[in-house]
Structure formats: structure tokens, C-alpha cells
Protein chains: 2
Amino acid sequence: MKILGVTITPVAFADPPLLNVMGVHEPFALRSVLELRCEDGIVGLGESYGDATFLDMASKAAPLLAGIDVFDLPGLRTAVAGAVSGSVFTDQHGLTGAFSGDKTLATVYSLFEVAALDAQGKALGLPVVDLLGGAARDKVDFSAYLFYKFAEHQNGRTDEWGDVRTPESVVDEARAMIDRYGFTSIKLKGGVFEPDQEIAAMRALAEAFPGHPLRVDPNGAWTVPTSIRVAEELDGVLEYLEDPTPGIEGMGEVAKHASMPLATNMCVVRFADLPPAIEHGSVGIVLSDHHYWGGLRQTQALSVLCETFGLGLSMHSNSHLGISLAAMVHVAAATPHLTYACDTHWPWKTEDVIVPGALEFVDGAIAVPRSPGLGVELDEDALGRAHENFVKCGQTVRDDPTYMRRYEPDFKPNIARW
Amino acid sequence: MKILGVTITPVAFADPPLLNVMGVHEPFALRSVLELRCEDGIVGLGESYGDATFLDMASKAAPLLAGIDVFDLPGLRTAVAGAVSGSVFTDQHGLTGAFSGDKTLATVYSLFEVAALDAQGKALGLPVVDLLGGAARDKVDFSAYLFYKFAEHQNGRTDEWGDVRTPESVVDEARAMIDRYGFTSIKLKGGVFEPDQEIAAMRALAEAFPGHPLRVDPNGAWTVPTSIRVAEELDGVLEYLEDPTPGIEGMGEVAKHASMPLATNMCVVRFADLPPAIEHGSVGIVLSDHHYWGGLRQTQALSVLCETFGLGLSMHSNSHLGISLAAMVHVAAATPHLTYACDTHWPWKTEDVIVPGALEFVDGAIAVPRSPGLGVELDEDALGRAHENFVKCGQTVRDDPTYMRRYEPDFKPNIARW
């Protein structure tokens with residue numbers, strides 16, 4: 001079944017002013033939606049980043065794909081490699097680690113691989129999870145992903161979550177999110193306030209939600225000594241500590257002293273990062289993300305590698321829509337060695353590009369769709385609205401620090417600040 | 001599509017008296033042929049070892065599989081794990097490394113995984129290579145697999161290859177095999193004679209076949225100092241040196257001094273062997289074998305792991321029939337990081353259980369079948385004959401040393417002998 005053509009639609013969706021080490025989320029989150037048109041009227045769906053640099057590279061690859069058989073994933077990868085050769089995809093938020101040529105290829109290829117698998121599944125009448133070797137679980141657990149946040153955007157737009165900048169309001173946010181979705185594991189995006197305040201927030205969560213596994217992710221906001229101190233203070237509180245400090249060597253130093261495993265989606269972001277990270281004992285848990293690890297099949301290979309070296313596997317999330325969530329659910333289901341609940345930004349959005357109903361949280365988990373492909377359907381009207389958002393919002397790159405300076409004129413990213 | 005039932009047929013096929021470190025091949029090689037009967041009249045084929053211990057474990061798993069969906073590979077694996085739990089599959093030839101519970105599960109599961117993938121492909125109208133992510137190559141290169149051998153079996157049965165126990169006759173054997181099949185890479189099974197004679201054979205091959213990549217595999221017949229000496233003597237002659245000495249530590253010592261990479265299918269035979277082998281720098285090339293690495297998908301994961309750690313990947317072979325060869329071809333085709341021609345015992349057999357024609361060597365390579373599943377068809381009459389061989393031959397385990405003592409009464413396996 002040959003690929004006939006490709007449509008990539010940049011979209012934007014309203015995002016609350018969520019705080020992180022780099023600043024604050026802008027009014028809109030950007031994504032790209034891929035329609036991979038194939039013979040027999042089959043259309044495969046994909047979703048990834050919406051930054052201009054990513055759209056540029058994906059658009060370069062797109063015209064090279066016509067005529068490739070949708071089952072020929074190596075051929076698809078070769079075509080993408082030809083398009084992005086010599087280029088390095090960068091972003092301005094730096095929240096997914098270092099940039100490189102191999103990560104660029106893995107990132108751009110992933111968009112097309114997911115859509116090809118969706119098309120394969122639709123052509124065969126098979127859910128993607130079965131194309132990936134079958135379901136090791138029939139539902140996938142996710143964590144409550146808490147953020148500190150401002151009450152409103154600079155344009156005055158508010159949201160139902162309000163101002164969250166104290167331990168008490170973090171607990172309120174967690175309660176609202178858990179009440180609605182049933183999450184068990186709880187993650188706080190840290191790196192926003194000085195460590196003692198974030199320690200207090202984690203302790204407040206532990207007290208309010210006994211038995212719930214807890215994580216904090218300051219995105220490398222802390223020095224090595226501070227990370228070691230925080231790990232001591234949160235001994236017995238955290239199931240894992242995510243990216244306390246930047247870099248493989250710094251993480252290795254922290255890991256020597258921390259009682260809980262360290263997790264990362266910043267210092268290990270491609271296969272080439274694994275040998276030095278293993279040598280330095282930098283991480284106990286890799287946070288996979290098919291969007292930049294080279295697609296669903298490579299995510300599965302990463303899992304075997306982690307299992308081999310005694311590393312846990314969990315899943316990272318960026319702001320995303322339903323196509324990405326469906327892909328995350330299918331690959332998580334098809335990956336036996338997935339040892340923690342996955343992250344998702346899902347609760348923070350209020351609109352989508354897929355027809356509602358395919359992906360619902362029950363007790364913090366999503367049942368794996370059993371309909372063909374990813375099991376989600378594009379809502380053409382919603383896609384049109386989301387594209388209109390993109391055109392109107394004027395954003396072309398994610399730039400949390402610059403936006404943050406409209407709240408705090410002297411703001412600098414908090415990487416290794418404390 | 002549910003599994004309805006399982007038939008495992010033990011078979012035997014005539015094998016020449018091929019020499020190795022453990023002794024000599026007996027008159028028949030034993031295999032098992034699996035028919036996995038599914039709904040809609042689909043039958044998936046598998047092939048693996050035929051030793052009594054293997055047949056016993058596979059037979060324990062078989063009755064647990066009815067009712068499992070053939071796309072539910074994790075469910076299939078769980079059922080097999082339940083059947084073999086606590087058991088360790090051993091053999092008496094020791095040519096594929098140490099035994100363990102995880103290797104046992106991987107070995108027994110592999111038989112069923114291949115048949116399930118064959119059934120999936122037949123149900124979907126898709127070749128197995130496409131189920132594995134698509135073809136990175138449309139033909140798979142194999143090596144000429146040379147053996148020292150006796151002219152005849154103890155029962156007087158001779159073969160077309162004659163007596164091969166000198167460098168000159170090794171060259172003749174290579175020439176006949178290359179003339180017929182077109183192989184480029186050449187491998188000699190060593191560990192039979194004292195190292196200087198095998199060095200002479202490799203030099204004779206290098207002279208007779210300039211430009212052909214050469215390998216020698218003594219199956220751990222040499223001590224560390226001897227291995228280092230042979231590596232020096234064959235500097236510039238070998239593309240790789242396979243298992244010169246036993247064990248991860250010994251291999252690591254040899255690797256420090258050898259100019260060519262070391263390959264193994266003896267000291268790294270499961271994922272758990274990789275971390276220590278990487279730590280010791282023991283091997284430059286892993287020889288995969290889906291029969292004991294846990295099937296076709298795990299072989300692909302092994303490839304990604306090898307690529308990540310800068311290791312090459314090639315493929316090991318035991319005596320096998322056409323179903324196994326088809327599986328080897330499909331997984332090799334679907335594995336981008338496969339860096340050498342694969343091994344096969346194919347030229348040594350004179351009969352099979354599949355309908356001829358699907359797998360043909362042209363220029364030393366086999367074109368990947370594009371028909372559904374593995375692309376091979378069981379020949380019921382041939383299967384019947386091969387089963388009759390099994391019943392009549394009286395062999396139930398592969399036991400090269402005992403058989404060798406009928407030629408040389410004082411024979412002891414040559415492991416680390418020289």
C-alpha cells in the first residue's frame with residue numbers, strides 16, 4: 001500500500017500559564033498534525049511538535065514520501081534521513097535535553113512512523129498495539145501531572161485551575177485532578193521556586209495522599225549539592241526524583257547519594273546517551289518519549305535495553321493532543337517492561353483535534369483502543385479551528401523564558417540556579 | 001484469531017560427520033516442527049531443537065496455548081513462562097553457551113513466537129518481515145560455513161563432501177560450496193585440530209579466495225595465551241575471530257590484544273550477559289540466534305542494543321531446516337543493524353520439510369519471501385519421512401562427544417584444550 005501524499009497542519013491549542021524551570025507556558029501550545037494519505041483511501045494520523053524548526057524539517061521530508069510502501073518503515077526512515085541530513089532540530093525551551101543529528105532524525109522520523117503504523121493498522125483492521133507485538137496490558141496508567149501556575153495569562157485569559165504557587169494550592173490542584181481522573185501516581189513539575197518550598201509541597205502531597213507514589217521534576221534546577229540535600233529531605237517521600245541537576249556526570253554524583261532512583265528525560269535523550277549514563281550510574285529510570293526516541297518501535301527497543309541494564313522505564317510528556325496520547329497508549333501497552341505510570345499533560349487542555357470518546361481516563365488509566373490503527377478519528381472541524389488558532393496566535397516557537405519576562409522582567413531560566 | 005491447538009512433530013534429517021570442539025555430528029540432526037493451528041484454518045509454522053529436553057518443555061507449553069489470540073504475544077509468552085517456570089533447558093553439546101532459566105524461557109517461547117508471526121502474516125496477507133517493521137534489505141547474505149569432517153559415518157554412510165581434515169581439503173570444500181551457492185564470506189568451524197593446522201587452513205583460504213571475508217570459530221578450544229597468539233598470526237587474515245576462548249573474562253583478555261573484533265555465540269547468549277560482556281570489552285560482535293534469544297522481535301531489540309554500544313551483529317546457526325531458515329531470513333531482513341553475512345548449515349543437509357523453491361541461494365544470498373507469513377509451505381510427505389527418520393534413528397539428544405568416541409575412543413571435548 002503506497003503512500004500517495006502528506007499533509008502537515010500546524011495547530012495551536014489554549015494552554016494555561018504553567019510554570020517550569022524555563023519560565024511559563026505561553027497562551028497557546030503548538031503541535032503538528034500529520035495526515036499520511038495512502039492507497040485505498042487509508043489515511044494515517046501522526047502528531048508532534050509545532051515549532052517552526054520542526055515544521056520546516058517535517059515539510060522537507062514530506063514530498064519525498066510519495067510512492068513508499070507504508071509497510072516499508074526502513075525505506076520511510078531512509079527518506080526522512082535524506083531530508084534532514086546535516087540539520088539539527090533545536091528548540092528554545094531545552095526541556096528535552098541536548099540536540100544532535102541523530103535525535104533530529106529520530107524526532108522527524110517518529111512523526112511519520114506513527115502515521116504509517118496507524119495506516120497499517122487501518123489497512124489490516126488491526127490496532128497498533130497488535131502491530132507492535134500485542135498488548136502486555138489492556139489499560140495504561142498515567143500520573144497526575146501537577147504544575148505551579150499563574151492565575152491568568154497576560155491577555156487576561158483565566159482557567160478553572162486558578163493560582164497555584166503554594167504547597168496548599170498544589171494539594172488542591174492534585175485533589176481536583178485526582179477527583180476527576182482517578183490518578184494514583186502524582187508528579188509535580190518543580191524548578192520554579194526555591195527548593196525548600198518545593199520540598200514542602202511534596203511533603204504536603206505525601207500527607208494529603210498517603211500511599212500515592214510521588215515524583216518531583218525540577219528540570220535540572222538544582223546544583224549537585226542541593227540535589228543531594230533535597231534527596232535526603234525527601235527520603236521516603238518520593239518514588240523517584242526526576243532530573244534534579246543537569247548532565248550525566250552531575251546526575252551520577254547525585255545518584256551516589258540519593259536513596260530513591262533518579263529518572264531522566266534530559267540527560268538521556270537518545271541511544272548514544274545510554275552508554276555514558278550507564279557507566280556513570282546516572283539514572284535508575286529512563287523516561288521514554290516516542291516523539292524523539294525514533295518512534296514506537298524504537299521505544300520498545302529502548303525498553304529491552306533498560307531491562308537489560310536494570311533500569312526502569314517510564315514515559316515523558318510534552319503538551320499534546322489526542323493523536324499523540326493514542327500513540328503513547330499503544331506503545332505503553334505493547335511494552336512489557338514499563339515500570340511506572342506514564343506522564344501526560346492531558347488534563348491541562350480544553351480542546352482537541354480528535355473525535356471525543358476514544359480515550360477516557362478511568363481510575364487514572366486509559367483502556368487501549370481496539371479499533372484499527374491508533375483508534376482515534378480526526379475531527380476535521382476541530383482541526384480547522386486548531387489551525388486557525390495557530391495562524392491567529394502568532395506564536396511560531398515555544399519560548400517560555402521570553403513570555404515569563406512579561407511577568408518577571410528580570411527572569412532567567414532556573415537551570416542549576418539553586 | 002484464537003489458537004485452537006498445537007502439533008509438535010520431532011524430526012530427524014541426515015547430517016554428515018562434521019567435526020567440532022565437542023566431537024562429531026551424529027548420523028541425524030534432530031529438530032522439532034511446530035504447527036500452530038488457528039481459527040479460519042490458518043496454520044503457523046515453527047522450527048527449533050529436537051532434543052528430548054526441549055521437546056519435553058515445548059510439549060508442556062503446548063496445551064496451555066489454546067484460546068490465546070495469536071496477536072497476543074505477551075499472553076503467549078506468559079503461558080510459556082508458566083509451563084517452563086523453574087526448569088532449565090540443557091543440552092549435551094554446550095555449543096550455545098551457559099544454561100539459565102531466562103534462556104530456557106526465551107528458547108521455548110521462540111518456537112511459538114515464530115509460528116504465531118507466521119500465522120499473523122498468513123491471516124493478514126503480509127510477509128513476516130513487514131510485521132517486524134519492514135525490510136531493511138530485500139536479500140540476506142549468508143557465509144560459506146566450512147567444517148572439517150570425516151569421510152563417512154560409523155554406519156558406513158558417505159556424502160558428496162568426502163574427507164576434509166587438511167588445509168587443502170578445506171579449500172576444496174570452500175570452492176565446491178562457493179561454486180554452488182555463491183557465498184562471499186567464509187567461516188571455518190575450528191577447534192578440531194591443533195591451532196597451527198587451523199591457522200594454516202585460514203591462510204590457505206585467504207590465498208585461494210582473496211577479498212573474501214574470513215572467520216574461524218574454534219568454540220572456545222583455546223586458552224587465552226593461545227588465542228592471543230592465533231589472533232596475531234591471523235592479523236590481516238580474519239574479519240572476525242569467533243569464540244577463541246571460553247567465558248566473558250577470557251574473551252575480554254583476548255580482545256585487549258587481538259587486532260580483529262571477537263564474535264560470540266557462547267559467552268553472550270542472553271540479555272543478562274551483555275552488561276558484563278560490555279564492561280569487560282569481551283566482544284565486538286554478537287551472533288544473534290532467534291532460537292534462543294527469545295524470538296524474532298527480541299532479536300531486533302538485541303540489534304538496537306548492539307548498535308547503541310558499538311557492537312556489530314551477525315547471526316549464528318545450528319543444523320536446521322527450511323522453516324528456521326525462513327525465520328532467519330525475515331528477521332535478518334527486518335534488522336537494519338546487521339553488519340555481517342549470517343551463518344547457515346543449509347548446504348550440509350540433503351532433505352527438508354518444506355516445499356522446495358521458496359528459499360534459493362543466489363550469489364550467497366536469499367531473497368526475502370514476499371508471500372504471506374514466513375513464505376514457506378510444509379510438505380506433509382516430507383514431514384512424515386523426517387518424523388520416521390526420528391523414530392528409526394534412535395537418537396534423542398545431540399551427543400557429539402559420545403559419538404566421537406566411536407572414532408577416537410579416548411576423545412575428550414577440546415574446550416580450552418590448546
# chains A, B, ... in the order shown; residues from 1 in each chain; ligands from 1

$ closest_atom_pairs --of "chain B" --to "chain A" --cutoff "10 Å" --atoms "only C-alpha atoms" --output "Markdown table"
| residue | atom | partner | partner_atom | distance |
| --- | --- | --- | --- | --- |
| B:Asp69 | CA | A:Gly134 | CA | 9.3 |
| B:Val70 | CA | A:Gly134 | CA | 9.0 |
| B:Phe71 | CA | A:Gly134 | CA | 5.6 |
| B:Asp72 | CA | A:Gly134 | CA | 4.6 |
| B:Leu73 | CA | A:Gly134 | CA | 5.5 |
| B:Pro74 | CA | A:Ala136 | CA | 5.3 |
| B:Gly75 | CA | A:Ala136 | CA | 7.2 |
| B:Leu76 | CA | A:Gly134 | CA | 9.7 |
| B:Arg77 | CA | A:Ala136 | CA | 9.9 |
| B:Thr78 | CA | A:Ala136 | CA | 9.5 |
| B:Glu113 | CA | A:Gly133 | CA | 9.8 |
| B:Leu117 | CA | A:Gly133 | CA | 9.2 |
| B:Gln120 | CA | A:Leu131 | CA | 9.8 |
| B:Ala123 | CA | A:Leu124 | CA | 9.6 |
| B:Leu124 | CA | A:Leu124 | CA | 6.4 |
| B:Gly125 | CA | A:Leu124 | CA | 8.9 |
| B:Leu126 | CA | A:Leu124 | CA | 9.3 |
| B:Val129 | CA | A:Phe71 | CA | 9.4 |
| B:Asp130 | CA | A:Phe71 | CA | 5.9 |
| B:Leu131 | CA | A:Leu131 | CA | 6.7 |
| B:Leu132 | CA | A:Leu132 | CA | 8.3 |
| B:Gly133 | CA | A:Leu73 | CA | 5.8 |
| B:Gly134 | CA | A:Asp72 | CA | 4.6 |
| B:Ala135 | CA | A:Asp72 | CA | 6.2 |
| B:Ala136 | CA | A:Pro74 | CA | 5.2 |
| B:Arg137 | CA | A:Pro74 | CA | 8.7 |
| B:Arg270 | CA | A:Thr308 | CA | 9.3 |
| B:Phe271 | CA | A:Thr308 | CA | 5.6 |
| B:Ala272 | CA | A:Thr308 | CA | 5.9 |
| B:Asp273 | CA | A:Thr308 | CA | 8.7 |
| B:Leu274 | CA | A:Thr308 | CA | 7.6 |
| B:Pro275 | CA | A:Phe309 | CA | 6.4 |
| B:Pro276 | CA | A:Phe309 | CA | 9.9 |
| B:Ile278 | CA | A:Pro275 | CA | 9.6 |
| B:Glu279 | CA | A:Glu279 | CA | 8.9 |
| B:Arg297 | CA | A:Gly133 | CA | 7.9 |
| B:Gln298 | CA | A:Val304 | CA | 8.1 |
| B:Gln300 | CA | A:Ala301 | CA | 7.7 |
| B:Ala301 | CA | A:Ala301 | CA | 4.8 |
| B:Leu302 | CA | A:Ala301 | CA | 7.9 |
| B:Ser303 | CA | A:Ala301 | CA | 8.8 |
| B:Val304 | CA | A:Ala301 | CA | 6.5 |
| B:Leu305 | CA | A:Leu305 | CA | 6.0 |
| B:Cys306 | CA | A:Leu305 | CA | 9.6 |
| B:Glu307 | CA | A:Phe271 | CA | 8.7 |
| B:Thr308 | CA | A:Phe271 | CA | 5.6 |
| B:Phe309 | CA | A:Pro275 | CA | 6.5 |
| B:Gly310 | CA | A:Ala272 | CA | 9.4 |
| B:Ala334 | CA | A:Pro74 | CA | 8.2 |
| B:Thr335 | CA | A:Pro74 | CA | 9.1 |
| B:Pro336 | CA | A:Pro74 | CA | 7.5 |

$ residues_around --residues "stretch 36-39 of chain A" --least-positions-apart "6" --cutoff "8 Å" --atoms "only C-alpha atoms" --output "ChimeraX atom specification"
/A:1-7,45-46,70,112,115-116,119

$ write_last_selection --atoms "N, CA and C atoms" --output "PDB file, in the first residue's frame"
ATOM      1  N   MET A   1       0.849  -1.194   0.000  1.00  0.00           N
ATOM      2  CA  MET A   1       0.000   0.000   0.000  1.00  0.00           C
ATOM      3  C   MET A   1       0.888   1.248   0.000  1.00  0.00           C
ATOM      4  N   LYS A   2       0.862   1.955  -1.099  1.00  0.00           N
ATOM      5  CA  LYS A   2       1.787   3.081  -1.265  1.00  0.00           C
ATOM      6  C   LYS A   2       1.267   4.355  -0.588  1.00  0.00           C
ATOM      7  N   ILE A   3       2.214   5.157  -0.150  1.00  0.00           N
ATOM      8  CA  ILE A   3       1.894   6.497   0.324  1.00  0.00           C
ATOM      9  C   ILE A   3       1.655   7.376  -0.899  1.00  0.00           C
ATOM     10  N   LEU A   4       0.544   8.109  -0.883  1.00  0.00           N
ATOM     11  CA  LEU A   4       0.232   8.986  -2.011  1.00  0.00           C
ATOM     12  C   LEU A   4       0.651  10.426  -1.739  1.00  0.00           C
ATOM     13  N   GLY A   5       0.513  10.840  -0.506  1.00  0.00           N
ATOM     14  CA  GLY A   5       0.853  12.233  -0.199  1.00  0.00           C
ATOM     15  C   GLY A   5       0.735  12.510   1.283  1.00  0.00           C
ATOM     16  N   VAL A   6       1.158  13.697   1.639  1.00  0.00           N
ATOM     17  CA  VAL A   6       1.294  14.050   3.048  1.00  0.00           C
ATOM     18  C   VAL A   6       0.737  15.452   3.264  1.00  0.00           C
ATOM     19  N   THR A   7      -0.067  15.592   4.311  1.00  0.00           N
ATOM     20  CA  THR A   7      -0.488  16.936   4.718  1.00  0.00           C
ATOM     21  C   THR A   7      -0.067  17.155   6.166  1.00  0.00           C
ATOM     22  N   LEU A  45      -2.633   8.850  10.789  1.00  0.00           N
ATOM     23  CA  LEU A  45      -2.505  10.091  11.552  1.00  0.00           C
ATOM     24  C   LEU A  45      -1.235  10.104  12.394  1.00  0.00           C
ATOM     25  N   GLY A  46      -0.637  11.298  12.480  1.00  0.00           N
ATOM     26  CA  GLY A  46       0.511  11.487  13.351  1.00  0.00           C
ATOM     27  C   GLY A  46       0.425  12.850  14.009  1.00  0.00           C
ATOM     28  N   VAL A  70       3.775   1.785   2.705  1.00  0.00           N
ATOM     29  CA  VAL A  70       3.568   2.191   4.095  1.00  0.00           C
ATOM     30  C   VAL A  70       4.058   1.120   5.080  1.00  0.00           C
ATOM     31  N   PHE A 112       6.332  10.413  11.204  1.00  0.00           N
ATOM     32  CA  PHE A 112       5.872   9.633  10.053  1.00  0.00           C
ATOM     33  C   PHE A 112       5.683   8.154  10.406  1.00  0.00           C
ATOM     34  N   ALA A 115       2.264   7.617  11.965  1.00  0.00           N
ATOM     35  CA  ALA A 115       1.201   7.695  10.957  1.00  0.00           C
ATOM     36  C   ALA A 115       1.207   6.463  10.058  1.00  0.00           C
ATOM     37  N   ALA A 116       2.404   5.963   9.746  1.00  0.00           N
ATOM     38  CA  ALA A 116       2.491   4.745   8.926  1.00  0.00           C
ATOM     39  C   ALA A 116       1.893   3.562   9.679  1.00  0.00           C
ATOM     40  N   ALA A 119      -1.792   3.841   9.601  1.00  0.00           N
ATOM     41  CA  ALA A 119      -2.293   3.435   8.278  1.00  0.00           C
ATOM     42  C   ALA A 119      -2.232   1.913   8.121  1.00  0.00           C
TER      43      ALA A 119
END

$ closest_residue --among "A:Trp346, A:Tyr181, A:Phe209, A:Tyr148" --to "A:Phe193" --atoms "only C-alpha atoms"
A:Tyr148

$ residues_around --residues "A:Ala14" --least-positions-apart "5" --cutoff "8 Å" --atoms "only C-alpha atoms" --output "list of chain:residue names"
A:Pro27, A:Phe28, A:Ala29, A:Lys349, A:Thr350, A:Glu351

$ select_by_dssp --residues "stretch 280-334 of chain B" --states "helix (DSSP H, G or I)" --output "ChimeraX atom specification"
/B:290-293,296-308,322-333
